[in-house]
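K.L.:
model23.cif is reproduced in full below (mmCIF, C-alpha atoms).
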```
data_run
#
loop_
_atom_site.label_atom_id
_atom_site.label_comp_id
_atom_site.auth_asym_id
_atom_site.auth_seq_id
_atom_site.Cartn_x
_atom_site.Cartn_y
_atom_site.Cartn_z
CA MET A 1 0.00 0.00 0.00
CA THR A 2 0.64 3.37 1.07
CA GLY A 3 2.45 4.52 3.97
CA SER A 4 5.22 6.40 5.49
CA SER A 5 4.88 9.21 3.05
CA THR A 6 4.25 10.43 -0.33
CA GLY A 7 2.82 10.40 -3.85
CA PRO A 8 2.30 12.89 -6.61
CA THR A 9 -0.64 15.11 -7.30
CA THR A 10 -3.45 13.60 -9.28
CA GLY A 11 -2.37 15.53 -12.37
CA SER A 12 -4.33 15.25 -15.55
CA SER A 13 -3.91 11.57 -16.22
CA GLY A 14 -5.67 9.92 -13.33
CA GLY A 15 -9.15 8.81 -12.53
CA ILE A 16 -8.94 9.74 -8.88
CA ALA A 17 -11.39 12.58 -9.24
CA ASP A 18 -14.06 10.12 -10.36
CA VAL A 19 -13.91 8.11 -7.16
CA THR A 20 -16.51 9.19 -4.66
CA PRO A 21 -14.82 9.54 -1.29
CA ARG A 22 -16.70 7.38 1.18
CA PRO A 23 -15.53 6.75 4.72
CA THR A 24 -15.11 3.12 5.65
CA THR A 25 -15.84 1.39 8.94
CA TRP A 26 -14.91 -1.96 10.42
CA THR A 27 -17.17 -4.84 9.49
CA THR A 28 -16.83 -8.61 9.39
CA GLY A 29 -15.93 -11.07 6.68
CA ARG A 30 -16.60 -14.80 6.84
CA ILE A 31 -14.11 -17.10 5.12
CA ILE A 32 -16.05 -18.98 2.42
CA GLU A 33 -13.06 -20.44 0.56
CA LYS A 34 -9.46 -20.96 1.62
CA GLU A 35 -6.70 -22.37 -0.55
CA LEU A 36 -2.93 -22.54 -0.34
CA PRO A 37 -1.93 -22.41 -4.03
CA GLN A 38 1.68 -22.66 -2.87
CA PRO A 39 3.07 -23.30 0.60
CA HIS A 40 3.82 -19.60 1.13
CA LEU A 41 0.57 -18.23 -0.32
CA VAL A 42 -2.98 -18.28 0.99
CA ARG A 43 -5.98 -17.29 -1.11
CA LEU A 44 -9.06 -16.32 0.86
CA ARG A 45 -12.54 -15.59 -0.43
CA LEU A 46 -14.71 -13.76 2.09
CA HIS A 47 -18.33 -12.85 2.41
CA VAL A 48 -18.16 -9.27 3.72
CA GLU A 49 -21.10 -7.74 5.60
CA ASP A 50 -22.27 -4.41 4.15
CA ARG A 51 -19.56 -4.51 1.49
CA GLN A 52 -18.94 -1.34 -0.51
CA ARG A 53 -18.01 -1.46 -4.17
CA HIS A 54 -14.28 -1.13 -4.82
CA TRP A 55 -12.01 0.05 -7.60
CA PRO A 56 -9.49 -2.44 -8.91
CA GLY A 57 -6.21 -1.71 -7.12
CA GLN A 58 -7.73 -0.89 -3.73
CA HIS A 59 -6.96 -2.85 -0.60
CA TYR A 60 -8.66 -4.09 2.55
CA LEU A 61 -7.54 -4.19 6.15
CA VAL A 62 -7.74 -7.45 8.06
CA ARG A 63 -7.66 -7.22 11.86
CA LEU A 64 -7.18 -10.12 14.26
CA ARG A 65 -8.28 -9.84 17.90
CA ALA A 66 -6.80 -11.91 20.74
CA PRO A 67 -8.71 -12.83 23.92
CA ASP A 68 -6.83 -10.06 25.80
CA ASP A 69 -8.09 -7.55 23.17
CA TYR A 70 -4.64 -7.29 21.58
CA THR A 71 -5.12 -6.64 17.86
CA ALA A 72 -2.94 -6.94 14.77
CA GLN A 73 -3.97 -5.53 11.42
CA ARG A 74 -2.47 -5.56 7.94
CA SER A 75 -3.62 -4.37 4.55
CA TYR A 76 -3.96 -6.69 1.55
CA SER A 77 -4.70 -5.88 -2.07
CA VAL A 78 -7.97 -7.13 -3.47
CA ALA A 79 -7.79 -9.66 -6.31
CA SER A 80 -11.50 -9.79 -7.10
CA ASP A 81 -13.69 -7.62 -9.28
CA SER A 82 -16.29 -5.48 -7.53
CA ASP A 83 -19.11 -7.55 -9.10
CA ASP A 84 -17.75 -10.75 -7.56
CA PRO A 85 -20.11 -11.76 -4.74
CA LEU A 86 -17.06 -12.54 -2.59
CA LEU A 87 -13.96 -10.51 -1.74
CA GLU A 88 -10.76 -12.29 -2.74
CA LEU A 89 -7.41 -11.63 -1.04
CA LEU A 90 -4.08 -13.27 -1.72
CA VAL A 91 -1.70 -13.18 1.22
CA GLU A 92 1.97 -14.08 1.27
CA LYS A 93 3.00 -15.94 4.41
CA LEU A 94 5.97 -14.08 5.82
CA PRO A 95 8.43 -15.39 8.41
CA ASP A 96 7.10 -14.33 11.82
CA GLY A 97 4.25 -12.54 10.08
CA GLU A 98 1.73 -12.54 12.88
CA VAL A 99 -1.23 -11.93 10.57
CA SER A 100 -0.11 -13.81 7.46
CA GLU A 101 0.96 -16.89 9.44
CA PHE A 102 -2.39 -16.96 11.18
CA LEU A 103 -4.28 -16.68 7.90
CA ALA A 104 -2.19 -19.43 6.31
CA ASP A 105 -1.91 -21.86 9.23
CA VAL A 106 -4.83 -21.29 11.62
CA ALA A 107 -7.76 -19.64 9.86
CA GLU A 108 -10.42 -22.02 8.51
CA VAL A 109 -13.47 -21.81 6.32
CA GLY A 110 -16.31 -20.45 8.43
CA ASP A 111 -14.10 -18.25 10.60
CA VAL A 112 -15.03 -14.58 10.87
CA LEU A 113 -12.41 -11.84 10.53
CA GLU A 114 -12.65 -8.11 11.13
CA VAL A 115 -12.23 -6.31 7.81
CA ARG A 116 -12.36 -2.73 6.62
CA GLY A 117 -12.29 -1.30 3.14
CA PRO A 118 -11.92 -0.51 0.42
CA ILE A 119 -8.92 1.68 1.24
CA GLY A 120 -6.78 3.85 -1.02
CA ARG A 121 -7.88 5.89 -3.97
CA TRP A 122 -4.56 6.39 -5.68
CA PHE A 123 -3.35 2.98 -6.84
CA THR A 124 -6.64 2.37 -8.61
CA TRP A 125 -7.63 1.83 -12.20
CA ASP A 126 -10.56 3.98 -13.33
CA THR A 127 -11.57 1.31 -15.93
CA THR A 128 -11.19 3.71 -18.87
CA THR A 129 -7.54 4.85 -18.93
CA PRO A 130 -5.15 2.77 -21.09
CA ALA A 131 -2.44 1.54 -18.75
CA LEU A 132 0.60 -0.67 -18.36
CA CYS A 133 1.00 -2.77 -15.21
CA LEU A 134 4.52 -3.85 -14.29
CA VAL A 135 4.06 -6.11 -11.29
CA GLY A 136 6.20 -8.60 -9.41
CA GLY A 137 5.50 -11.53 -7.09
CA THR A 138 2.42 -10.99 -4.97
CA GLY A 139 2.36 -7.51 -6.51
CA VAL A 140 0.37 -9.13 -9.33
CA VAL A 141 -2.75 -9.07 -7.13
CA PRO A 142 -4.03 -5.58 -8.00
CA ALA A 143 -3.34 -6.30 -11.68
CA VAL A 144 -5.47 -9.44 -11.41
CA SER A 145 -8.33 -7.30 -10.07
CA MET A 146 -7.83 -4.81 -12.91
CA LEU A 147 -7.87 -7.61 -15.50
CA ARG A 148 -11.00 -9.20 -14.03
CA THR A 149 -12.78 -5.85 -14.09
CA ALA A 150 -11.58 -5.15 -17.64
CA ARG A 151 -12.91 -8.54 -18.73
CA ARG A 152 -16.31 -7.90 -17.17
CA LEU A 153 -16.51 -4.54 -18.93
CA GLY A 154 -15.17 -5.83 -22.25
CA ARG A 155 -12.20 -3.46 -22.10
CA THR A 156 -9.27 -5.85 -21.92
CA GLU A 157 -7.52 -3.92 -24.71
CA LEU A 158 -6.94 -1.06 -22.25
CA LEU A 159 -4.58 -3.04 -20.01
CA ARG A 160 -1.15 -4.49 -20.73
CA VAL A 161 0.28 -6.51 -17.88
CA VAL A 162 3.88 -7.58 -17.43
CA ALA A 163 4.24 -9.96 -14.48
CA VAL A 164 7.60 -10.89 -12.98
CA GLY A 165 8.32 -13.95 -10.88
CA ARG A 166 11.24 -16.17 -10.02
CA ASN A 167 9.63 -19.00 -11.95
CA ARG A 168 6.20 -19.99 -13.15
CA ASP A 169 5.40 -22.14 -10.12
CA SER A 170 6.00 -19.31 -7.67
CA LEU A 171 4.13 -16.59 -9.56
CA PRO A 172 0.65 -16.09 -8.09
CA TYR A 173 -2.20 -16.33 -10.59
CA ALA A 174 0.23 -17.35 -13.36
CA ASP A 175 -2.37 -19.34 -15.32
CA GLU A 176 -5.01 -16.62 -15.08
CA LEU A 177 -2.48 -13.97 -16.13
CA ALA A 178 -1.37 -16.08 -19.07
CA ARG A 179 -4.98 -16.57 -20.22
CA ALA A 180 -5.38 -12.76 -20.05
CA ALA A 181 -2.42 -12.41 -22.44
CA ALA A 182 -0.12 -10.91 -19.82
CA LEU A 183 3.60 -11.11 -20.57
CA LEU A 184 5.04 -13.48 -17.97
CA THR A 185 8.74 -13.04 -17.27
CA PHE A 186 10.77 -15.26 -14.97
CA THR A 187 14.05 -14.21 -13.49
CA ARG A 188 15.30 -17.75 -12.82
CA GLU A 189 13.59 -19.88 -15.43
CA ALA A 190 13.52 -19.89 -19.21
CA ALA A 191 10.05 -19.87 -20.75
CA GLY A 192 9.68 -20.78 -24.41
CA ASP A 193 12.08 -18.62 -26.41
CA ARG A 194 12.63 -16.33 -23.47
CA SER A 195 15.71 -16.90 -21.34
CA ALA A 196 15.67 -16.32 -17.61
CA GLY A 197 15.92 -12.70 -16.52
CA PRO A 198 13.95 -9.61 -15.55
CA PRO A 199 11.88 -7.82 -18.20
CA THR A 200 13.94 -5.67 -20.53
CA ALA A 201 13.47 -2.30 -22.19
CA ALA A 202 13.07 -4.11 -25.52
CA GLU A 203 10.22 -6.20 -24.13
CA LEU A 204 8.42 -3.30 -22.50
CA ALA A 205 8.77 -0.57 -25.10
CA PRO A 206 6.30 -2.08 -27.62
CA LEU A 207 3.64 -2.27 -24.89
CA LEU A 208 3.75 1.44 -24.12
CA ALA A 209 1.95 2.73 -27.21
CA GLY A 210 -1.20 4.56 -26.22
CA THR A 211 -0.87 3.99 -22.47
CA GLU A 212 -1.31 6.96 -20.16
CA LEU A 213 -0.50 5.44 -16.78
CA ALA A 214 1.93 2.88 -15.45
CA TYR A 215 1.19 0.85 -12.32
CA VAL A 216 4.14 -0.65 -10.46
CA CYS A 217 3.47 -3.08 -7.62
CA GLY A 218 5.83 -5.35 -5.75
CA SER A 219 8.61 -5.29 -3.19
CA SER A 220 10.60 -2.12 -2.64
CA ARG A 221 13.49 -3.66 -4.55
CA PHE A 222 11.23 -4.63 -7.43
CA ALA A 223 9.61 -1.19 -7.49
CA GLY A 224 13.00 0.50 -7.69
CA TYR A 225 13.96 -1.68 -10.66
CA ALA A 226 10.61 -1.20 -12.37
CA GLU A 227 10.60 2.59 -11.99
CA GLU A 228 14.09 2.91 -13.47
CA LEU A 229 13.17 0.60 -16.34
CA LEU A 230 10.01 2.55 -17.19
CA ILE A 231 11.78 5.90 -16.99
CA SER A 232 14.60 4.55 -19.19
CA ILE A 233 12.14 3.85 -22.00
CA GLY A 234 10.60 7.29 -21.80
CA VAL A 235 7.73 6.96 -19.32
CA ASP A 236 6.98 10.25 -17.56
CA PRO A 237 7.71 9.73 -13.84
CA ALA A 238 4.52 11.67 -13.06
CA SER A 239 2.45 8.97 -14.78
CA ILE A 240 3.89 6.15 -12.65
CA ARG A 241 1.84 4.98 -9.67
CA VAL A 242 3.64 2.78 -7.20
CA GLU A 243 2.49 0.38 -4.53
CA GLN A 244 5.26 -1.20 -2.49
CA PHE A 245 5.01 -4.10 -0.11
CA GLY A 246 6.97 -3.59 3.03
CA ALA A 247 7.88 -6.60 5.14
CA THR A 248 5.04 -5.94 7.53
CA GLY A 249 3.91 -9.51 8.07
CA MET B 1 -15.89 -6.98 17.78
CA PRO B 2 -15.54 -10.69 18.60
CA VAL B 3 -12.29 -12.44 19.40
CA THR B 4 -10.70 -14.11 16.36
CA ARG B 5 -10.82 -17.88 16.84
CA GLY B 6 -7.33 -19.24 17.43
CA PHE B 7 -5.49 -15.91 17.51
CA PHE B 8 -3.26 -15.07 20.45
CA ARG B 9 -0.71 -12.37 21.13
CA LYS B 10 2.75 -13.61 20.22
CA ARG B 11 4.70 -10.38 20.19
CA ALA B 12 5.98 -9.08 23.48
CA GLU B 13 4.28 -5.96 24.72
CA GLY B 14 6.14 -2.87 23.60
CA PRO B 15 7.84 -0.50 26.01
CA GLU B 16 5.30 1.00 28.39
CA GLY B 17 3.40 3.85 26.81
CA ARG B 18 5.35 3.97 23.54
CA LEU B 19 3.36 1.78 21.16
CA PRO B 20 0.16 3.48 19.95
CA PRO B 21 -2.94 1.29 19.52
CA GLY B 22 -2.81 -1.12 16.58
CA GLN B 23 0.93 -0.58 16.02
CA TYR B 24 3.82 -3.05 16.28
CA ASP B 25 7.56 -2.55 16.74
CA THR B 26 9.32 -3.07 13.41
CA GLY B 27 12.69 -3.35 15.16
CA ALA B 28 15.69 -2.66 12.96
CA GLY B 29 13.64 -2.57 9.75
CA TRP B 30 12.41 0.56 8.05
CA PRO B 31 9.81 -0.30 5.40
CA VAL B 32 9.83 1.90 2.30
CA LEU B 33 6.39 3.00 1.18
CA THR B 34 5.87 5.56 -1.53
CA ALA B 35 3.21 6.19 -4.11
CA GLU B 36 5.32 7.61 -6.90
CA ALA B 37 8.63 7.09 -8.63
CA THR B 38 11.48 7.96 -6.25
CA PRO B 39 12.97 11.25 -7.49
CA ARG B 40 16.60 12.33 -7.67
CA VAL B 41 16.57 15.71 -5.97
CA ASP B 42 19.50 17.95 -6.94
CA THR B 43 20.67 19.88 -3.89
CA ALA B 44 22.27 22.47 -6.20
CA THR B 45 18.86 23.64 -7.36
CA TRP B 46 16.57 22.54 -4.48
CA THR B 47 15.16 25.29 -2.29
CA MET B 48 12.95 25.22 0.79
CA SER B 49 10.18 27.83 0.68
CA VAL B 50 7.82 29.09 3.33
CA ASP B 51 5.05 31.16 1.78
CA GLY B 52 1.30 31.73 1.67
CA LEU B 53 -0.06 33.64 4.66
CA VAL B 54 3.29 34.94 5.94
CA GLU B 55 4.74 38.42 6.40
CA ARG B 56 7.90 37.60 4.39
CA PRO B 57 7.94 34.67 1.97
CA VAL B 58 11.38 33.07 2.34
CA ALA B 59 13.31 30.51 0.31
CA TRP B 60 16.50 28.85 1.52
CA THR B 61 19.05 27.12 -0.69
CA TRP B 62 20.69 23.88 0.46
CA ASP B 63 23.66 25.83 1.84
CA GLU B 64 21.52 28.51 3.43
CA ILE B 65 19.28 26.10 5.30
CA HIS B 66 22.35 24.24 6.58
CA ALA B 67 23.63 27.56 7.97
CA LEU B 68 20.59 27.86 10.25
CA PRO B 69 20.95 26.60 13.84
CA GLY B 70 20.70 22.81 13.72
CA SER B 71 18.12 20.80 15.59
CA ALA B 72 17.74 17.06 16.19
CA TYR B 73 14.94 14.65 17.03
CA THR B 74 15.47 11.39 18.87
CA GLY B 75 12.39 9.32 19.51
CA ASP B 76 9.77 7.17 17.83
CA ILE B 77 7.97 7.23 14.48
CA HIS B 78 4.67 5.60 13.55
CA CYS B 79 3.41 4.57 10.11
CA VAL B 80 -0.29 4.17 9.32
CA THR B 81 0.47 0.70 7.91
CA THR B 82 0.96 -0.27 11.60
CA TRP B 83 4.72 -0.33 12.06
CA SER B 84 6.41 1.86 14.63
CA LYS B 85 10.13 2.39 14.94
CA PHE B 86 11.73 3.35 18.26
CA ASP B 87 14.69 5.56 19.08
CA VAL B 88 15.47 7.01 15.69
CA THR B 89 17.58 10.15 15.32
CA PHE B 90 17.10 12.75 12.63
CA LYS B 91 19.01 16.02 12.24
CA GLY B 92 18.12 19.15 10.36
CA VAL B 93 16.42 22.37 11.32
CA SER B 94 13.36 23.05 13.41
CA VAL B 95 10.28 24.20 11.48
CA ASP B 96 9.98 26.86 14.21
CA ALA B 97 13.15 28.49 12.85
CA LEU B 98 11.72 28.59 9.33
CA LEU B 99 8.39 29.98 10.51
CA GLU B 100 10.12 32.60 12.64
CA ALA B 101 11.95 33.90 9.59
CA ALA B 102 8.79 34.04 7.49
CA GLY B 103 6.43 35.39 10.16
CA PRO B 104 3.07 33.61 9.97
CA ARG B 105 0.17 36.02 9.63
CA GLU B 106 -2.55 35.93 12.26
CA ASP B 107 -5.04 34.27 9.92
CA ALA B 108 -2.69 31.35 9.12
CA ARG B 109 -4.18 28.21 10.67
CA PHE B 110 -3.14 25.34 8.40
CA VAL B 111 -0.12 24.31 6.35
CA MET B 112 0.17 22.40 3.11
CA ALA B 113 3.56 20.68 2.83
CA HIS B 114 4.66 20.22 -0.78
CA SER B 115 7.29 17.90 -2.26
CA THR B 116 9.34 18.04 -5.43
CA THR B 117 7.22 15.16 -6.78
CA GLY B 118 3.97 17.09 -6.38
CA TYR B 119 3.07 15.15 -3.23
CA THR B 120 1.18 17.21 -0.66
CA THR B 121 -0.01 16.72 2.91
CA ASN B 122 -2.02 19.08 5.10
CA LEU B 123 -1.43 19.83 8.77
CA PRO B 124 -2.75 22.23 11.36
CA LEU B 125 -0.12 24.96 11.88
CA GLY B 126 -0.14 24.03 15.57
CA ASP B 127 1.29 20.60 14.73
CA LEU B 128 4.39 22.20 13.17
CA THR B 129 5.32 24.54 16.03
CA ASP B 130 6.80 24.36 19.54
CA GLY B 131 9.63 22.01 18.66
CA ARG B 132 7.45 19.25 17.23
CA ALA B 133 8.44 19.41 13.55
CA TRP B 134 11.65 19.50 11.57
CA VAL B 135 13.05 19.66 8.05
CA VAL B 136 15.72 16.93 8.18
CA TRP B 137 18.59 15.71 6.00
CA GLU B 138 20.41 13.32 8.31
CA TYR B 139 19.28 9.96 9.72
CA GLY B 140 21.33 8.06 12.28
CA GLY B 141 24.35 10.23 11.58
CA GLN B 142 24.27 9.63 7.81
CA PRO B 143 22.74 11.56 4.91
CA LEU B 144 19.04 10.69 4.65
CA PRO B 145 18.71 7.86 2.08
CA ARG B 146 16.87 8.71 -1.12
CA GLU B 147 14.17 6.08 -0.63
CA HIS B 148 13.38 7.53 2.79
CA GLY B 149 12.97 11.03 1.36
CA GLY B 150 16.60 12.00 0.95
CA PRO B 151 18.16 14.41 0.58
CA VAL B 152 15.53 16.21 2.66
CA ARG B 153 12.12 15.52 4.18
CA LEU B 154 9.66 16.93 6.65
CA LEU B 155 9.55 15.23 10.06
CA VAL B 156 6.41 15.45 12.21
CA PRO B 157 6.93 12.42 14.45
CA HIS B 158 3.86 12.85 16.64
CA LEU B 159 1.60 12.21 13.62
CA TYR B 160 1.44 9.19 11.26
CA PHE B 161 4.43 9.26 9.00
CA TRP B 162 2.66 10.10 5.72
CA LYS B 163 2.50 13.63 7.18
CA SER B 164 6.32 13.69 7.16
CA ALA B 165 6.50 14.51 3.45
CA LYS B 166 9.51 13.05 1.66
CA TRP B 167 11.49 15.36 -0.68
CA VAL B 168 9.83 18.41 0.90
CA ASN B 169 10.44 21.78 -0.71
CA ARG B 170 7.64 24.08 0.41
CA LEU B 171 5.42 24.91 3.38
CA GLU B 172 2.36 26.89 2.32
CA LEU B 173 0.48 28.60 5.14
CA MET B 174 -3.29 28.75 4.71
CA ALA B 175 -6.34 30.14 6.52
CA GLU B 176 -8.58 27.17 5.67
CA ASP B 177 -7.76 23.46 5.70
CA ARG B 178 -7.47 21.72 2.36
CA PRO B 179 -6.81 18.01 1.86
CA GLY B 180 -3.40 16.86 0.65
CA PHE B 181 -2.60 13.80 -1.45
CA TRP B 182 -3.42 10.90 0.87
CA GLU B 183 -6.05 12.98 2.63
CA ARG B 184 -7.92 13.22 -0.71
CA ASN B 185 -7.36 9.52 -1.19
CA GLY B 186 -9.01 8.17 1.91
CA TYR B 187 -6.68 9.05 4.78
CA HIS B 188 -7.36 11.14 7.87
CA ASP B 189 -6.88 14.90 7.93
CA ARG B 190 -4.92 14.97 11.20
CA GLY B 191 -3.47 11.47 11.66
CA ASP B 192 -2.79 11.25 15.41
CA PRO B 193 -1.51 7.69 16.04
CA TRP B 194 -2.58 7.76 19.70
CA ARG B 195 -6.18 8.32 18.58
CA GLU B 196 -5.81 5.89 15.65
CA GLN B 197 -6.83 8.53 13.13
CA ARG B 198 -5.86 6.41 10.13
CA TYR B 199 -8.64 6.80 7.59
CA GLN B 200 -11.46 9.13 6.71
CA GLY B 201 -14.29 8.24 9.04
CA ASP B 202 -12.04 7.74 12.09
CA GLU B 203 -12.84 10.21 14.86
#
```
So, in terms of structure tokens, how does the structure I just supplied come out?
P.N.:
Amino acid sequence: MTGSSTGPTTGSSGGIADVTPRPTTWTTGRIIEKELPQPHLVRLRLHVEDRQRHWPGQHYLVRLRAPDDYTAQRSYSVASDSDDPLLELLVEKLPDGEVSEFLADVAEVGDVLEVRGPIGRWFTWDTTTPALCLVGGTGVVPAVSMLRTARRLGRTELLRVVAVGRNRDSLPYADELARAAALLTFTREAAGDRSAGPPTAAELAPLLAGTELAYVCGSSRFAGYAEELLISIGVDPASIRVEQFGATG
Amino acid sequence: MPVTRGFFRKRAEGPEGRLPPGQYDTGAGWPVLTAEATPRVDTATWTMSVDGLVERPVAWTWDEIHALPGSAYTGDIHCVTTWSKFDVTFKGVSVDALLEAAGPREDARFVMAHSTTGYTTNLPLGDLTDGRAWVVWEYGGQPLPREHGGPVRLLVPHLYFWKSAKWVNRLELMAEDRPGFWERNGYHDRGDPWREQRYQGDE
């Protein structure tokens, strides 16, 4: 998400002005589906009471409450489209992550969690602006939401997604991204004619034509690489929106 | 709200009275969270301005602001994403010194902090005075790293850290409050961690 500081003005390119500001409050979400697609990932689908509509790219807070009223909360990007009857989150299990470990190891279908959202009106896709998504690891999640929304609206031509993972097995939603014609790049595994390595300027440049925004989501290290790569092929820094995952467990 | 089945406190309680509600101690880590491409700010052309409702709009160059009496902060910082970091030290100049030079007019009540990237955040003027806010360029005895707002950022440690604008270059004094970047995008106008003022709708 969002955090210690900073972000540019909305400028002329964004859809932020179209989003109606609506305060959020804590509510509850019941786990309807739980799956561990890989040992370090948990995919949850929740039925959320009084759920608001969300923009693709927004996130939700999940709060856990101990018997002594101690609480721990984290924010997770939404993978689902707003029309989906359930809210889908994909959570990476982090070492000593007090929330992510609980969700992966303890939480069960039927459990009720405190949730709040949607949060964040910056790293959102307005569903009409042509955009490039350069996303890495679990940073693919907001791009999955954008693609699902684009498919519902019949606007898949507006989004170009480049997803980066170590290899195909570790990249969340790899099959869904591939079906949506995303460019999958693997840093440690060759794929077809493509040798192992991060995406290159030559791979990205042809995808830029007509795009007005670039969304970068992933670890801080990934975001640094992605920003430099985009700027090197002529993307205006003011049109880059970034969401970084800190190691916040 | 009900207890979460199977969830128990694992982390030790923080030092007495130092961890605001809903926060945890991030220890040695310092997560990097920004919304835009990290800029390269050139200290040869950067200036720090204080303007708006002031008697004398002032702009300091990098060298000029370093010539002002230095001021340091040692204490804790709190991010809205729930990490807190204890016993950090920043050095720079007190915002009081900048305001004293510019002379806030009587009708100035709020401040918009601006960054080189176009980022903005709004604060009550009262949150920037009386030794509670700094413009800083040094962290832990070293130049402030670029990803943490280097070469220079605002520091308002008693509020959530999005108020401490990275790459700050202007304080604009205003009569009426006006939302900044995150404040327009769902976050609280004041952001007091002890009152958990994280998002719009929080009291």
K.L.:
Quick one: pull the distance between CA of Asp83 in chain A and CA of Val242 in chain A, Å, one decimal.
P.N.:
25.1 Å
K.L.:
Would you write out, as a tab-separated table (two decimals) with C-alpha atoms, keeping the file's coordinate frame, every residue that the PyMOL selection byres ((chain B) within 6 of (chain A)) captures in this file?
P.N.:
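Result file part-v1.tsv:
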```tsv
chain	number	residue	atom	x	y	z
B	3	VAL	CA	-12.29	-12.44	19.40
B	4	THR	CA	-10.70	-14.11	16.36
B	7	PHE	CA	-5.49	-15.91	17.51
B	8	PHE	CA	-3.26	-15.07	20.45
B	31	PRO	CA	9.81	-0.30	5.40
B	33	LEU	CA	6.39	3.00	1.18
B	34	THR	CA	5.87	5.56	-1.53
B	35	ALA	CA	3.21	6.19	-4.11
B	36	GLU	CA	5.32	7.61	-6.90
B	37	ALA	CA	8.63	7.09	-8.63
B	79	CYS	CA	3.41	4.57	10.11
B	81	THR	CA	0.47	0.70	7.91
B	117	THR	CA	7.22	15.16	-6.78
B	118	GLY	CA	3.97	17.09	-6.38
B	119	TYR	CA	3.07	15.15	-3.23
B	161	PHE	CA	4.43	9.26	9.00
B	162	TRP	CA	2.66	10.10	5.72
B	165	ALA	CA	6.50	14.51	3.45
B	185	ASN	CA	-7.36	9.52	-1.19
B	186	GLY	CA	-9.01	8.17	1.91
B	200	GLN	CA	-11.46	9.13	6.71
B	201	GLY	CA	-14.29	8.24	9.04
```
K.L.:
Taking only C-alpha atoms into account, name the residue in A:Gly218, A:Pro198, A:Pro37, A:Gly165 that is nearest to Val135 in chain A.
P.N.:
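For Val135 in chain A, the nearest of the candidates is A:Gly218.
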K.L.:
Which residue out of B:Gly149, B:Ala102, B:Glu172, B:Pro57 has the minimum interatomic distance to Leu125 in chain B when all atoms listed in the file are used?
P.N.:
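Closest to Leu125 in chain B, using all atoms listed in the file: B:Glu172.
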K.L.:
On this structure, which residues satisfy the PyMOL selection byres ((chain B and resi 91) around 8), written as a ChimeraX atom specification?
P.N.:
/B:70-73,89-90,92-93,136-139,141
K.L.:
Care to translate the PyMOL selection byres ((chain B and resi 40) around 12) into actual residues of this file, as a compact mmCIF listing (two decimals) with C-alpha atoms, in the frame of the given file?
P.N.:
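The file below, out_21.txt, is the result:
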```txt
# COMPACT_ATOMS: atom_id res chain seq x y z
CA GLU A 228 14.09 2.91 -13.47
CA PRO A 237 7.71 9.73 -13.84
CA ALA B 37 8.63 7.09 -8.63
CA THR B 38 11.48 7.96 -6.25
CA PRO B 39 12.97 11.25 -7.49
CA VAL B 41 16.57 15.71 -5.97
CA ASP B 42 19.50 17.95 -6.94
CA THR B 43 20.67 19.88 -3.89
CA ALA B 44 22.27 22.47 -6.20
CA THR B 45 18.86 23.64 -7.36
CA TRP B 46 16.57 22.54 -4.48
CA THR B 116 9.34 18.04 -5.43
CA THR B 117 7.22 15.16 -6.78
CA PRO B 145 18.71 7.86 2.08
CA ARG B 146 16.87 8.71 -1.12
CA GLU B 147 14.17 6.08 -0.63
CA HIS B 148 13.38 7.53 2.79
CA GLY B 149 12.97 11.03 1.36
CA GLY B 150 16.60 12.00 0.95
CA PRO B 151 18.16 14.41 0.58
CA VAL B 152 15.53 16.21 2.66
CA LYS B 166 9.51 13.05 1.66
CA TRP B 167 11.49 15.36 -0.68
```
K.L.:
In Å, rounded to a single decimal, give me how far CA of Arg43 in chain A is from CA of Thr187 in chain A.
P.N.:
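Separation of CA of Thr187 in chain A and CA of Arg43 in chain A: 23.7 Å.
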K.L.:
When distances are computed from all atoms listed in the file, which of A:Val144, A:Ala150, A:Ala131, A:Leu183 shows the smallest separation from Ala209 in chain A?
P.N.:
A:Ala131
